[in-house]
Amino acid sequence: MKNQWDTFIKGSKNGTFLFMRDYMDYHSNRFDDCSFLFYENDRLCAVLAGNLSKNEDQSLTFYTHQGLTYGGFILHKKSRAELPLLLMEELIKYLKNINVALFYYKAIPHIYHKFPAEEDIYSLFINKFSLLSCNISTAVRINKNIDSSRLFRAPKRKEKNNLVIEQTNDASLFWDIIVNDRKERHNVSPVHTLKEIQLLKDRFPDNIFFHIVKKDDEIIAGSVIYFTEEVIHLQYAAATNFGKSLYATDIIYYESIFNFFPNAEWFDFGISNENNGLYLNTGMTNHKEEFGASSVVYNTYFLSLDYDKIS
């Protein structure tokens, strides 16, 4: 049913390319997929990307979706406000029947909606879901009088230091910069491997973009950007120590916001939290806010479906 699924995502009011099966299935070996298609009078009206995980007592946990940054009901453009209430009722019945004890729901941040689509949040409220995590992302509203002297210094720094920014299709040119930066600053590795990010780029050339910044033919910075019609999402960006001294990533931000994606409405720097949102890295948020950005939340909710099985 891949074609039917993908066609619906493209015509929905809140779906992005992350929900296309060629994106979701790149890591299908890590997750037990449990995605749903919902029909009303034989007409496809919603889809939901999900996966299952087995608990120690053999009950199951359902996620929407562990392998994606956000998830939830993807709705038709003409869906009614009551539709997620009906969807949730049927979904909860089904999950209980297959021995699901816990249900985790990742809401799609509003900036990724092509049309307002927060009816699902109301269905969570009605069904007494609880807020599990609240992560803060930092986003710039493009063409809305951006107040950032640092952002607007980027073209001058580019000219002064004779820097060149280019698009590339080869992540290997800069991937070590990304890996080394995350290791040094946070002692973590990128979520994707080089092989995975290259595969996704090849599958989605109109949605995933690689950029590099060079100084005298030396690559001093690189980035991976996800473009979802409404949003430029900064998936990865890093510079060498020399690149940092020249503010090389600032140039990537500037060119992305003002030149590379002329129809975008938002530039999303990504979240700055750990431990389900309980820790806020204020150094990260302060840095992002220097570019005129402010906060957008990524919320995850949960519901216990069988209290006897929850310790």
# chains A, B, ... in the order shown; residues from 1 in each chain; ligands from 1
call {"tool": "residues_around", "arguments": {"residues": "A:Ile121", "least_positions_apart": "4", "cutoff": "9 Å", "atoms": "only C-alpha atoms", "output": "number ranges by chain"}}
result
A: 84, 107, 117, 125-126
call {"tool": "write_last_selection", "arguments": {"atoms": "all heavy atoms", "output": "short mmCIF file (atom, residue, chain, number, x, y, z; two decimals), in the first residue's frame"}}
result
data_model
loop_
_atom_site.label_atom_id
_atom_site.label_comp_id
_atom_site.auth_asym_id
_atom_site.auth_seq_id
_atom_site.Cartn_x
_atom_site.Cartn_y
_atom_site.Cartn_z
N PRO A 84 -10.20 13.36 14.50
CA PRO A 84 -9.24 12.68 15.38
C PRO A 84 -9.89 12.05 16.61
O PRO A 84 -9.36 11.06 17.14
CB PRO A 84 -8.29 13.81 15.79
CG PRO A 84 -8.34 14.77 14.65
CD PRO A 84 -9.78 14.75 14.22
N ALA A 107 3.42 14.78 18.94
CA ALA A 107 2.67 15.75 18.14
C ALA A 107 3.59 16.42 17.12
O ALA A 107 4.79 16.59 17.35
CB ALA A 107 2.04 16.80 19.05
N ALA A 117 -3.61 22.16 11.91
CA ALA A 117 -3.99 20.75 12.06
C ALA A 117 -3.73 20.28 13.48
O ALA A 117 -3.06 19.28 13.71
CB ALA A 117 -3.22 19.90 11.06
N PHE A 125 -6.40 15.43 24.72
CA PHE A 125 -7.02 16.00 25.93
C PHE A 125 -8.27 15.21 26.33
O PHE A 125 -8.44 14.84 27.50
CB PHE A 125 -7.36 17.47 25.67
CG PHE A 125 -8.28 18.09 26.68
CD1 PHE A 125 -7.85 18.36 27.97
CD2 PHE A 125 -9.59 18.41 26.33
CE1 PHE A 125 -8.72 18.92 28.91
CE2 PHE A 125 -10.45 18.98 27.25
CZ PHE A 125 -10.01 19.23 28.55
N ILE A 126 -9.13 14.95 25.37
CA ILE A 126 -10.38 14.24 25.65
C ILE A 126 -10.10 12.84 26.18
O ILE A 126 -10.82 12.32 27.05
CB ILE A 126 -11.27 14.19 24.39
CG1 ILE A 126 -11.80 15.59 24.06
CG2 ILE A 126 -12.42 13.21 24.56
CD1 ILE A 126 -12.70 16.18 25.12
#
call {"tool": "closest_atom_pairs", "arguments": {"of": "stretch 174-271 of chain A", "to": "stretch 7-20 of chain A", "cutoff": "9 Å", "atoms": "only C-alpha atoms", "output": "JSON lines"}}
result
{"residue": "A:Phe204", "atom": "CA", "partner": "A:Phe17", "partner_atom": "CA", "distance": 8.2}
{"residue": "A:Asn207", "atom": "CA", "partner": "A:Phe17", "partner_atom": "CA", "distance": 7.4}
{"residue": "A:Phe227", "atom": "CA", "partner": "A:Phe17", "partner_atom": "CA", "distance": 8.7}
{"residue": "A:Thr228", "atom": "CA", "partner": "A:Thr16", "partner_atom": "CA", "distance": 5.9}
{"residue": "A:Glu229", "atom": "CA", "partner": "A:Thr16", "partner_atom": "CA", "distance": 8.2}
call {"tool": "residues_around", "arguments": {"residues": "A:Lys288", "least_positions_apart": "6", "cutoff": "9 Å", "atoms": "only C-alpha atoms", "output": "list of chain:residue names"}}
result
A:Thr138, A:Ala139, A:Phe269, A:Ser294
call {"tool": "closest_residue", "arguments": {"among": "A:Glu56, A:Asp42, A:Glu166, A:Glu119", "to": "A:Ser256", "atoms": "only C-alpha atoms"}}
result
A:Glu166
call {"tool": "atom_distance", "arguments": {"atom1": "atom CA of A:Leu163", "atom2": "atom CA of A:Val213"}}
result
6.7 Å
call {"tool": "select_by_dssp", "arguments": {"residues": "stretch 116-308 of chain A", "states": "strand (DSSP E or B)", "output": "ChimeraX atom specification"}}
result
/A:130-141,163-168,208-215,218-227,231-239,266-271,273-274,279-280,294-304
call {"tool": "select_by_dssp", "arguments": {"residues": "stretch 114-281 of chain A", "states": "alpha helix (DSSP H)", "output": "PyMOL selection string"}}
result
chain A and resi 119-126+149-160+175-186+194-203+241-245+248-255
call {"tool": "write_last_selection", "arguments": {"atoms": "C-alpha atoms", "output": "short mmCIF file (atom, residue, chain, number, x, y, z; two decimals), in the first residue's frame"}}
result
data_model
loop_
_atom_site.label_atom_id
_atom_site.label_comp_id
_atom_site.auth_asym_id
_atom_site.auth_seq_id
_atom_site.Cartn_x
_atom_site.Cartn_y
_atom_site.Cartn_z
CA GLU A 119 -7.32 18.71 16.17
CA ASP A 120 -5.26 15.76 17.34
CA ILE A 121 -4.15 17.68 20.44
CA TYR A 122 -7.80 18.04 21.39
CA SER A 123 -8.29 14.28 21.00
CA LEU A 124 -5.37 13.72 23.39
CA PHE A 125 -7.02 16.00 25.93
CA ILE A 126 -10.38 14.24 25.65
CA SER A 149 22.76 41.90 13.95
CA ARG A 150 24.79 38.68 13.95
CA LEU A 151 22.80 37.16 11.10
CA PHE A 152 23.17 40.26 8.95
CA ARG A 153 26.93 40.40 9.57
CA ALA A 154 27.31 37.05 7.79
CA PRO A 155 27.56 38.45 4.21
CA LYS A 156 30.25 40.90 5.32
CA ARG A 157 32.24 38.12 6.99
CA LYS A 158 31.86 35.99 3.88
CA GLU A 159 33.25 38.77 1.68
CA LYS A 160 35.99 39.82 4.11
CA TRP A 175 30.78 14.36 7.41
CA ASP A 176 33.92 14.07 9.56
CA ILE A 177 33.43 17.71 10.56
CA ILE A 178 29.92 16.89 11.82
CA VAL A 179 31.08 13.76 13.66
CA ASN A 180 34.08 15.43 15.29
CA ASP A 181 32.11 18.48 16.38
CA ARG A 182 29.38 16.42 18.09
CA LYS A 183 31.99 14.25 19.75
CA GLU A 184 33.99 17.19 21.07
CA ARG A 185 31.07 19.34 22.22
CA HIS A 186 28.52 16.79 23.42
CA LEU A 194 27.25 8.60 6.66
CA LYS A 195 25.77 5.75 4.64
CA GLU A 196 22.26 6.51 5.92
CA ILE A 197 22.35 10.25 5.32
CA GLN A 198 23.70 9.70 1.82
CA LEU A 199 20.97 7.15 1.10
CA LEU A 200 18.29 9.58 2.26
CA LYS A 201 19.77 12.38 0.19
CA ASP A 202 19.71 10.16 -2.89
CA ARG A 203 16.08 9.23 -2.20
CA ASN A 241 38.09 25.17 14.61
CA PHE A 242 39.37 27.40 11.81
CA GLY A 243 35.85 27.61 10.38
CA LYS A 244 34.47 28.60 13.77
CA SER A 245 36.95 31.47 13.97
CA ALA A 248 31.45 29.83 8.72
CA THR A 249 28.16 28.29 9.86
CA ASP A 250 26.62 31.76 10.13
CA ILE A 251 26.99 31.97 6.35
CA ILE A 252 25.06 28.70 5.94
CA TYR A 253 22.25 30.08 8.08
CA TYR A 254 22.12 33.39 6.21
CA GLU A 255 22.15 31.89 2.72
#
call {"tool": "closest_residue", "arguments": {"among": "A:Lys106, A:His192, A:Arg21, A:His287", "to": "A:Asp33", "atoms": "only C-alpha atoms"}}
result
A:Arg21
call {"tool": "residues_around", "arguments": {"residues": "A:Arg141", "least_positions_apart": "6", "cutoff": "8 Å", "atoms": "only C-alpha atoms", "output": "list in words"}}
result
Glu265, Trp266, Phe267 and Ala293 of chain A
call {"tool": "write_last_selection", "arguments": {"atoms": "C-alpha atoms", "output": "mmCIF file, in the first residue's frame"}}
result
data_model
loop_
_atom_site.group_PDB
_atom_site.id
_atom_site.type_symbol
_atom_site.label_atom_id
_atom_site.label_comp_id
_atom_site.auth_asym_id
_atom_site.auth_seq_id
_atom_site.Cartn_x
_atom_site.Cartn_y
_atom_site.Cartn_z
ATOM 1 C CA GLU A 265 8.348 30.360 6.176
ATOM 2 C CA TRP A 266 10.528 29.060 9.019
ATOM 3 C CA PHE A 267 14.145 28.200 9.748
ATOM 4 C CA ALA A 293 14.980 32.865 16.668
#
call {"tool": "closest_residue", "arguments": {"among": "A:Ser223, A:Pro109, A:Lys78, A:Ala49", "to": "A:Ile136", "atoms": "only C-alpha atoms"}}
result
A:Pro109
call {"tool": "closest_residue", "arguments": {"among": "A:Leu86, A:Leu75, A:Ile92, A:Val100", "to": "A:Asn51", "atoms": "only C-alpha atoms"}}
result
A:Val100
call {"tool": "atom_distance", "arguments": {"atom1": "atom CA of A:Tyr70", "atom2": "atom CA of A:Ala238"}}
result
23.4 Å
